[in-house]
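*Asks:* my_file01.cif is the file, holding mmCIF, C-alpha atoms:
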```cif
data_upload
#
loop_
_atom_site.label_atom_id
_atom_site.label_comp_id
_atom_site.auth_asym_id
_atom_site.auth_seq_id
_atom_site.Cartn_x
_atom_site.Cartn_y
_atom_site.Cartn_z
CA MET A 822 1.87 69.25 -116.70
CA LYS A 823 3.94 66.20 -117.14
CA LYS A 824 5.13 65.26 -120.53
CA ILE A 825 4.74 61.60 -121.41
CA ARG A 826 7.44 60.39 -123.73
CA ASN A 827 7.03 57.36 -125.88
CA ARG A 828 10.23 55.46 -125.81
CA LYS A 829 10.94 53.78 -129.12
CA GLY A 830 14.12 51.95 -130.11
CA PHE A 831 17.11 50.76 -128.13
CA THR A 832 19.66 52.70 -126.16
CA LEU A 833 23.27 52.77 -127.23
CA ALA A 834 24.29 50.59 -124.29
CA GLU A 835 21.79 47.88 -125.25
CA LEU A 836 23.03 47.86 -128.83
CA LEU A 837 26.67 47.61 -127.71
CA VAL A 838 25.88 44.66 -125.43
CA VAL A 839 24.13 42.79 -128.26
CA ILE A 840 27.03 43.49 -130.66
CA ALA A 841 29.54 42.27 -128.04
CA ILE A 842 27.60 39.03 -127.49
CA ILE A 843 27.36 38.36 -131.24
CA SER A 844 31.10 39.07 -131.64
CA ILE A 845 31.97 36.55 -128.90
CA LEU A 846 29.80 33.89 -130.51
CA ILE A 847 31.42 34.47 -133.90
CA ALA A 848 34.90 34.30 -132.35
CA ILE A 849 34.02 30.90 -130.89
CA ALA A 850 32.37 29.54 -134.05
CA ILE A 851 34.97 30.44 -136.70
CA PRO A 852 37.85 28.21 -135.44
CA THR A 853 35.42 25.32 -134.94
CA PHE A 854 34.03 25.74 -138.42
CA SER A 855 37.46 25.93 -140.06
CA SER A 856 38.70 22.79 -138.28
CA GLN A 857 35.56 20.93 -139.37
CA LEU A 858 36.10 22.14 -142.93
CA GLU A 859 39.68 20.77 -142.90
CA LYS A 860 38.40 17.43 -141.58
CA ALA A 861 35.90 17.31 -144.45
CA ARG A 862 38.65 18.03 -146.98
CA LEU A 863 40.78 15.28 -145.44
CA THR A 864 37.84 12.88 -145.74
CA VAL A 865 37.47 13.71 -149.44
CA ASP A 866 41.19 13.10 -149.99
CA ALA A 867 41.01 9.78 -148.13
CA ALA A 868 38.07 8.70 -150.30
CA ASN A 869 40.01 9.64 -153.45
CA ALA A 870 43.03 7.69 -152.17
CA ARG A 871 40.93 4.59 -151.53
CA ALA A 872 39.30 4.90 -154.95
CA ALA A 873 42.75 5.22 -156.53
CA SER A 874 43.90 2.08 -154.70
CA SER A 875 40.89 0.16 -156.02
CA LEU A 876 41.41 1.44 -159.55
CA ALA A 877 45.13 0.59 -159.51
CA TYR A 878 44.49 -2.85 -158.05
CA SER A 879 41.88 -3.61 -160.73
CA ASP A 880 44.23 -2.49 -163.50
CA TYR A 881 47.08 -4.51 -162.02
CA MET A 882 44.99 -7.68 -161.78
CA LEU A 883 43.66 -7.27 -165.33
CA TYR A 884 46.82 -6.29 -167.18
CA HIS A 885 49.99 -6.64 -165.10
CA GLU A 886 49.56 -9.63 -162.79
CA ASP A 887 51.52 -11.91 -165.12
CA LEU A 888 54.47 -9.46 -165.26
CA GLY A 889 55.22 -9.68 -161.54
CA GLY A 890 57.17 -7.02 -159.70
CA ALA A 891 56.02 -3.58 -158.70
CA VAL A 892 53.88 -1.25 -160.78
CA THR A 893 53.61 2.42 -159.82
CA TYR A 894 50.41 4.26 -160.78
CA THR A 895 49.97 8.03 -160.86
CA PHE A 896 46.51 9.54 -160.96
CA GLY A 897 44.84 12.54 -162.48
CA THR A 898 41.42 14.03 -163.10
CA ASP A 899 39.69 14.86 -166.35
CA GLN A 900 37.71 18.02 -167.10
CA GLU A 901 34.67 16.65 -165.26
CA GLY A 902 36.74 15.83 -162.17
CA ASN A 903 36.71 12.05 -162.64
CA LEU A 904 39.66 10.10 -161.24
CA PHE A 905 41.71 8.12 -163.76
CA ILE A 906 45.12 6.50 -164.14
CA LEU A 907 47.40 9.10 -165.67
CA THR A 908 50.44 6.84 -166.05
CA HIS A 909 51.72 3.55 -164.78
CA LYS A 910 55.28 2.39 -164.62
CA PRO A 911 56.34 -1.23 -164.27
CA LYS A 912 59.44 -1.91 -162.22
CA ASP A 913 62.55 -1.30 -164.33
CA GLY A 914 60.44 0.14 -167.14
CA GLU A 915 59.35 3.42 -168.66
CA ALA A 916 56.24 5.19 -167.40
CA PHE A 917 53.60 5.26 -170.08
CA PRO A 918 50.21 6.94 -170.33
CA ASP A 919 47.14 4.90 -169.70
CA ASN A 920 43.73 5.13 -171.37
CA ILE A 921 43.66 8.92 -171.60
CA SER A 922 46.24 11.29 -172.94
CA PRO A 923 47.95 13.53 -170.38
CA ALA A 924 46.75 16.54 -172.38
CA ASP A 925 43.14 15.61 -171.54
CA GLY A 926 43.76 15.36 -167.82
CA THR A 927 45.65 17.04 -165.04
CA GLN A 928 47.47 15.79 -161.99
CA ILE A 929 45.03 15.33 -159.12
CA THR A 930 45.46 17.90 -156.38
CA ALA A 931 44.71 17.44 -152.71
CA LYS A 932 41.94 19.43 -151.09
CA SER A 933 43.35 19.36 -147.55
CA ASP A 934 46.26 21.35 -146.17
CA ALA A 935 47.75 18.22 -144.59
CA LEU A 936 48.60 16.72 -147.98
CA GLY A 937 49.83 19.91 -149.60
CA GLU A 938 51.46 19.14 -152.95
CA THR A 939 51.79 15.38 -152.38
CA GLN A 940 51.33 13.48 -155.64
CA LEU A 941 48.81 10.63 -155.54
CA THR A 942 50.64 7.43 -156.43
CA VAL A 943 49.86 3.80 -155.67
CA VAL A 944 52.44 1.02 -155.83
CA ILE A 945 51.29 -2.56 -156.26
CA GLU A 946 53.74 -5.40 -155.94
CA ASP A 947 52.93 -9.07 -156.40
CA GLY A 948 49.19 -8.49 -156.08
CA SER A 949 49.17 -6.34 -152.95
CA ILE A 950 49.17 -2.61 -152.44
CA THR A 951 52.49 -1.69 -150.88
CA GLU A 952 52.21 2.11 -150.97
CA ASN A 953 49.58 4.82 -151.30
CA THR A 954 51.17 8.25 -150.86
CA TRP A 955 47.99 10.02 -149.80
CA LEU A 956 46.90 7.40 -147.28
CA SER A 957 50.40 7.45 -145.80
CA ALA A 958 50.35 11.25 -145.54
CA ILE A 959 46.87 11.23 -144.01
CA ALA A 960 47.95 8.67 -141.43
CA ASP A 961 50.98 10.83 -140.58
CA ALA A 962 48.77 13.93 -140.24
CA ALA A 963 46.33 12.23 -137.86
#
```
Show how you would write the structure in this file as structure tokens.
*Replies:*
Amino acid sequence: MKKIRNRKGFTLAELLVVIAIISILIAIAIPTFSSQLEKARLTVDAANARAASSLAYSDYMLYHEDLGGAVTYTFGTDQEGNLFILTHKPKDGEAFPDNISPADGTQITAKSDALGETQLTVVIEDGSITENTWLSAIADAA
């Protein structure tokens, strides 16, 4: 008499092939995902830099246009993560805090590796933006 065996499950070879295929797919996907994540962080930093430029330009036009010369703005974030002017310094003057005390806010930090510890500052001179440290660093990284 012949014994009929019900075959249930997978053989070891089949399982190893499936694991190898999944490992190859993961090895391809991880570098792609991490580079896309860095691009997203760079995009967030660029958006913050543009917002800082707009905020500094508005402040300059409202309060410093009549002074002339360069004004350097440094930026921070409050507890909720909102961008604000931490200090501004007129040319040949002392830096002074803006509408929020430095104790209530912290220096804004970059999300991307390309910017590292670069401080976000915007310089406006005679009504035009002459420097934005983050936009300059992003342009150099690209």
*Asks:* For atom CA of Leu863 of chain A and atom CA of Ser933 of chain A, determine how far apart the two atoms are, in Å to one decimal place.
*Replies:* 5.3 Å
*Asks:* Between A:Thr939, A:Phe896, A:Thr930, A:Pro911, which is the closest to Ala872 of chain A once you count all atoms listed in the file?
*Replies:*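 The answer is A:Phe896, which sits nearest to Ala872 of chain A.
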*Asks:* Is it possible to get the axis-aligned box enclosing segment 880-887 of chain A (all listed atoms, 3 Å extra per side) as JSON, with centre and edge lengths in Å rounded to one decimal?
*Replies:*
```
{"center_x": 47.6, "center_y": -7.2, "center_z": -164.5, "size_x": 13.9, "size_y": 15.4, "size_z": 11.4}
```
*Asks:* Work out how far atom CA of Glu859 of chain A is from atom CA of Ala960 of chain A, in Å to one decimal.
*Replies:*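 So the two atoms, atom CA of Ala960 of chain A and atom CA of Glu859 of chain A, lie 14.7 Å apart.
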*Asks:* Between atom CA of Val944 of chain A and atom CA of Ala873 of chain A, what is the distance in Å, rounded to a tenth?
*Replies:*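 Computing it gives 10.6 Å between the two atoms.
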*Asks:* I'd like to know which of A:Ala962, A:Trp955, A:Asp947, A:Lys910 is closest to Ala935 of chain A, using all atoms listed in the file.
*Replies:*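 Using all atoms listed in the file, the shortest distance to Ala935 of chain A belongs to A:Ala962.
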*Asks:* Find the residues near Asp934 of chain A: any atom within 12 Å, counting only C-alpha atoms, skip ones fewer than 6 places away on the same chain, and give them as a list in words.
*Replies:*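 In the requested form, the answer reads Ser855, Ser856, Leu858, Glu859, Lys860, Ala861, Arg862, Leu863, Thr864, Asp866, Ala958, Ile959 and Ala962 of chain A.
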*Asks:* Give as a PyMOL selection string the residues that the PyMOL selection byres ((chain A and resi 879-885) around 12) matches when applied to the coordinates above.
*Replies:* chain A and resi 872-878+886-894+905-906+908-912+919-920+943-950
